[in-house]
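Student: Questions regarding the structure given below will be posed in turn.
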Amino acid sequence: IAVIGTIDSSGGAGINQDIRVAALFGYSPQVCVANISLQSSRGVEYIHPLEEDVFEANLRAVLHSNDLRYVKIGALNTVEQIRLLTKYLARTRAYKVILDPVIRASRGKAFLDEAGISELKKLIRQVDYLSPNLPELEMLCGKQARDFREAKELARSYAGELGLSILLKGGH
């Protein structure tokens, strides 16, 4: 398994958590860092994207592993990162891609602006599984859900439109 995303200084989210979960299932993940974030009890305070050439070199190395079965993508921060991933994932591949879109933290700085969300919608067409929370799903669909039933229907409709599976999460 490969994990792509953000290293979180609090240790409780992002790649840090992905490594813990992968280990619970017996995987030793390969890691591609896109950003370093400063997070505290006040929320996300700072996000530092890695240089594009460093990110791309690491991405290329991780995605060219012969035994890769899954790629899990978390928090991205720049249009360029998303475009690079879209380009690499458009190629023939033998692995499944899971996108856990991180658009805004519940507190603090947003990971993506409107241009980033627009690019993320293009990246979504390259993934097999999407795991947004309800606010993220609503931002991606441009529709609102008033209750649990509408949220499930919104996820079902969006999944059908894109031809992928959605795990709608709680949170926020």
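Labels for the structure tokens follow display order: chains A, B, ..., residues from 1 in each chain, ligands from 1.
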For Gln30 in chain A, list every protein, DNA or RNA residue within 9 Å, evaluated using only C-alpha atoms, and leave out those in the same chain fewer than 2 positions away; present the list as number ranges by chain.

Tutor: A: 1-4, 19, 28, 32, 62

Student: Using only N, CA, C and O atoms, please write the residues we just selected to a file, as an mmCIF file, in the first residue's frame.

Tutor:
```cif
data_model
loop_
_atom_site.group_PDB
_atom_site.id
_atom_site.type_symbol
_atom_site.label_atom_id
_atom_site.label_comp_id
_atom_site.auth_asym_id
_atom_site.auth_seq_id
_atom_site.Cartn_x
_atom_site.Cartn_y
_atom_site.Cartn_z
ATOM 1 N N ILE A 1 0.848 -1.170 0.000
ATOM 2 C CA ILE A 1 0.000 0.000 0.000
ATOM 3 C C ILE A 1 0.898 1.238 0.000
ATOM 4 O O ILE A 1 1.951 1.242 0.612
ATOM 5 N N ALA A 2 0.439 2.257 -0.711
ATOM 6 C CA ALA A 2 1.129 3.546 -0.697
ATOM 7 C C ALA A 2 0.184 4.574 -0.098
ATOM 8 O O ALA A 2 -1.021 4.531 -0.348
ATOM 9 N N VAL A 3 0.714 5.470 0.700
ATOM 10 C CA VAL A 3 -0.076 6.561 1.249
ATOM 11 C C VAL A 3 0.537 7.876 0.791
ATOM 12 O O VAL A 3 1.753 8.052 0.834
ATOM 13 N N ILE A 4 -0.329 8.751 0.337
ATOM 14 C CA ILE A 4 0.086 10.056 -0.193
ATOM 15 C C ILE A 4 -0.701 11.109 0.558
ATOM 16 O O ILE A 4 -1.922 11.008 0.669
ATOM 17 N N ILE A 19 -0.380 5.315 8.417
ATOM 18 C CA ILE A 19 0.640 4.310 8.724
ATOM 19 C C ILE A 19 0.148 3.384 9.838
ATOM 20 O O ILE A 19 0.286 2.161 9.742
ATOM 21 N N SER A 28 2.959 -2.685 5.355
ATOM 22 C CA SER A 28 4.057 -1.768 5.611
ATOM 23 C C SER A 28 4.011 -0.748 4.482
ATOM 24 O O SER A 28 4.485 -1.020 3.379
ATOM 25 N N CYS A 32 4.476 8.877 0.433
ATOM 26 C CA CYS A 32 4.790 10.032 -0.413
ATOM 27 C C CYS A 32 4.216 11.263 0.275
ATOM 28 O O CYS A 32 2.992 11.435 0.345
ATOM 29 N N VAL A 62 7.149 5.811 -5.559
ATOM 30 C CA VAL A 62 6.132 5.051 -4.824
ATOM 31 C C VAL A 62 5.179 4.334 -5.781
ATOM 32 O O VAL A 62 4.844 3.168 -5.582
#
```

Student: Calculated over only C-alpha atoms, which of the candidates A:Asp18, A:Glu56, A:Asp113, A:Glu119 has the smallest distance to Thr86 in chain A?

Tutor: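 Between A:Asp18, A:Glu56, A:Asp113, A:Glu119, the residue approaching Thr86 in chain A most closely is A:Glu119.
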
Student: Using only C-alpha atoms, pick whichever of A:Ile82, A:Leu164, A:Leu140, A:Val31 has the shortest atom-to-atom distance to Lys96 in chain A.

Tutor: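 When distances to Lys96 in chain A are compared using only C-alpha atoms, the smallest one comes from A:Leu164.
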
Student: Go through range 142-171 of chain A residue by residue and, counting only C-alpha atoms, keep those with an atom at most 6 Å from range 129-133 of chain A; for each kept residue give the shortest atom pair and its distance in Å to one decimal, ordered by chain and increasing number, as CSV.

Tutor:
```
residue,atom,partner,partner_atom,distance
A:Leu164,CA,A:Tyr129,CA,5.7
A:Ser165,CA,A:Tyr129,CA,4.8
A:Ile166,CA,A:Leu130,CA,4.8
A:Leu167,CA,A:Ser131,CA,4.7
A:Leu168,CA,A:Pro132,CA,5.6
A:Lys169,CA,A:Asn133,CA,4.5
A:Gly170,CA,A:Asn133,CA,5.5
```

Student: Hey, can you spit out that residue selection with C-alpha atoms as a compact mmCIF listing (two decimals), in the first residue's frame?

Tutor:
```
# COMPACT_ATOMS: atom_id res chain seq x y z
CA LEU A 164 -16.98 4.51 -8.13
CA SER A 165 -17.77 3.47 -4.57
CA ILE A 166 -18.30 6.01 -1.79
CA LEU A 167 -17.89 5.53 1.93
CA LEU A 168 -19.62 8.55 3.47
CA LYS A 169 -18.00 9.33 6.82
CA GLY A 170 -19.11 11.26 9.85
```

Student: Just the residues within 10 Å of Glu114 in chain A, please, counting only C-alpha atoms, with nothing from its chain fewer than 3 positions along; format it as a PDB file with all heavy atoms, in the first residue's frame.

Tutor:
```pdb
ATOM      1  N   VAL A  79      -2.801  22.929  -6.528  1.00  0.00           N
ATOM      2  CA  VAL A  79      -3.316  22.501  -7.831  1.00  0.00           C
ATOM      3  C   VAL A  79      -2.271  21.632  -8.534  1.00  0.00           C
ATOM      4  O   VAL A  79      -2.607  20.623  -9.151  1.00  0.00           O
ATOM      5  CB  VAL A  79      -3.694  23.740  -8.688  1.00  0.00           C
ATOM      6  CG1 VAL A  79      -3.934  23.371 -10.127  1.00  0.00           C
ATOM      7  CG2 VAL A  79      -4.909  24.433  -8.086  1.00  0.00           C
ATOM      8  N   ILE A 103     -10.585  18.830   2.372  1.00  0.00           N
ATOM      9  CA  ILE A 103     -10.764  20.160   1.797  1.00  0.00           C
ATOM     10  C   ILE A 103     -10.564  21.232   2.861  1.00  0.00           C
ATOM     11  O   ILE A 103      -9.803  22.169   2.677  1.00  0.00           O
ATOM     12  CB  ILE A 103     -12.149  20.279   1.126  1.00  0.00           C
ATOM     13  CG1 ILE A 103     -12.228  19.268  -0.032  1.00  0.00           C
ATOM     14  CG2 ILE A 103     -12.397  21.705   0.641  1.00  0.00           C
ATOM     15  CD1 ILE A 103     -13.595  19.142  -0.683  1.00  0.00           C
ATOM     16  N   ILE A 117     -10.260  22.634  -5.431  1.00  0.00           N
ATOM     17  CA  ILE A 117     -11.460  21.798  -5.445  1.00  0.00           C
ATOM     18  C   ILE A 117     -11.825  21.435  -6.882  1.00  0.00           C
ATOM     19  O   ILE A 117     -12.182  20.290  -7.169  1.00  0.00           O
ATOM     20  CB  ILE A 117     -12.631  22.507  -4.735  1.00  0.00           C
ATOM     21  CG1 ILE A 117     -12.320  22.659  -3.244  1.00  0.00           C
ATOM     22  CG2 ILE A 117     -13.944  21.744  -4.935  1.00  0.00           C
ATOM     23  CD1 ILE A 117     -13.285  23.568  -2.492  1.00  0.00           C
ATOM     24  N   SER A 118     -11.684  22.382  -7.792  1.00  0.00           N
ATOM     25  CA  SER A 118     -11.961  22.118  -9.205  1.00  0.00           C
ATOM     26  C   SER A 118     -11.042  21.024  -9.752  1.00  0.00           C
ATOM     27  O   SER A 118     -11.488  20.112 -10.454  1.00  0.00           O
ATOM     28  CB  SER A 118     -11.791  23.411 -10.008  1.00  0.00           C
ATOM     29  OG  SER A 118     -12.026  23.184 -11.367  1.00  0.00           O
ATOM     30  N   GLU A 119      -9.760  21.078  -9.420  1.00  0.00           N
ATOM     31  CA  GLU A 119      -8.809  20.044  -9.855  1.00  0.00           C
ATOM     32  C   GLU A 119      -9.095  18.714  -9.167  1.00  0.00           C
ATOM     33  O   GLU A 119      -8.940  17.660  -9.772  1.00  0.00           O
ATOM     34  CB  GLU A 119      -7.370  20.473  -9.586  1.00  0.00           C
ATOM     35  CG  GLU A 119      -6.848  21.539 -10.513  1.00  0.00           C
ATOM     36  CD  GLU A 119      -6.836  21.128 -11.976  1.00  0.00           C
ATOM     37  OE1 GLU A 119      -6.453  19.984 -12.303  1.00  0.00           O
ATOM     38  OE2 GLU A 119      -7.214  21.965 -12.806  1.00  0.00           O
ATOM     39  N   LEU A 120      -9.514  18.775  -7.913  1.00  0.00           N
ATOM     40  CA  LEU A 120      -9.830  17.552  -7.176  1.00  0.00           C
ATOM     41  C   LEU A 120     -10.968  16.796  -7.859  1.00  0.00           C
ATOM     42  O   LEU A 120     -10.957  15.569  -7.926  1.00  0.00           O
ATOM     43  CB  LEU A 120     -10.196  17.888  -5.726  1.00  0.00           C
ATOM     44  CG  LEU A 120     -10.299  16.714  -4.768  1.00  0.00           C
ATOM     45  CD1 LEU A 120      -8.926  16.065  -4.563  1.00  0.00           C
ATOM     46  CD2 LEU A 120     -10.859  17.179  -3.431  1.00  0.00           C
ATOM     47  N   MET A 139     -19.566  19.845  -0.981  1.00  0.00           N
ATOM     48  CA  MET A 139     -18.721  20.752  -1.771  1.00  0.00           C
ATOM     49  C   MET A 139     -18.411  20.165  -3.142  1.00  0.00           C
ATOM     50  O   MET A 139     -18.410  20.871  -4.138  1.00  0.00           O
ATOM     51  CB  MET A 139     -17.418  21.050  -1.035  1.00  0.00           C
ATOM     52  CG  MET A 139     -17.561  22.055   0.075  1.00  0.00           C
ATOM     53  SD  MET A 139     -15.945  22.431   0.790  1.00  0.00           S
ATOM     54  CE  MET A 139     -16.138  21.702   2.407  1.00  0.00           C
TER      55      MET A 139
END
```

Student: If you run DSSP on this backbone, which residues of chain A come out as strand (DSSP E), and could you give them as number ranges by chain?

Tutor: A: 2-8, 30-40, 43-49, 70-73, 96-99, 129-130, 165-166

Student: Report as a list of chain:residue names all protein, DNA and RNA residues lying within 12 Å of Gly12 in chain A, evaluated on only C-alpha atoms, omitting residues in the same chain fewer than 4 positions from it.

Tutor: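 My list of contacting residues is A:Thr6, A:Ile7, A:Asp8, A:Asn16, A:Gln17, A:Asp18, A:Ile19, A:Arg20, A:Val21, A:Ser37, A:Leu38, A:Gln39, A:Ser40, A:Ser41, A:Gly43.
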
Student: Residues near range 158-163 of chain A, anyone? I mean within 8 Å using only C-alpha atoms, not counting same-chain ones fewer than 3 positions away, as a list in words.

Tutor: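 Here the qualifying residues turn out to be Arg125, Cys141, Leu154, Ala155 and Ile166 of chain A.
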
Student: Between CA of His48 in chain A and CA of Gly11 in chain A, measure the distance and give it in Å to one decimal.

Tutor: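 Going from CA of His48 in chain A over to CA of Gly11 in chain A covers 16.0 Å.
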
Student: Given the choices A:Val33, A:Val127, A:Leu84, A:Ala110, which gets closest to Val97 in chain A if the distance is worked out from only C-alpha atoms?

Tutor: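 Among the listed residues, A:Val127 lies closest to Val97 in chain A.
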
Student: Using Å and a single decimal, report how far CA of Phe111 in chain A sits from CA of Asp128 in chain A.

Tutor: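 Here the two named atoms are 22.2 Å from each other.
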
Student: Of the residues A:Tyr70, A:Tyr46, A:Phe55, A:Phe148, which is the one nearest to Arg83 in chain A, using only C-alpha atoms?

Tutor: A:Phe55
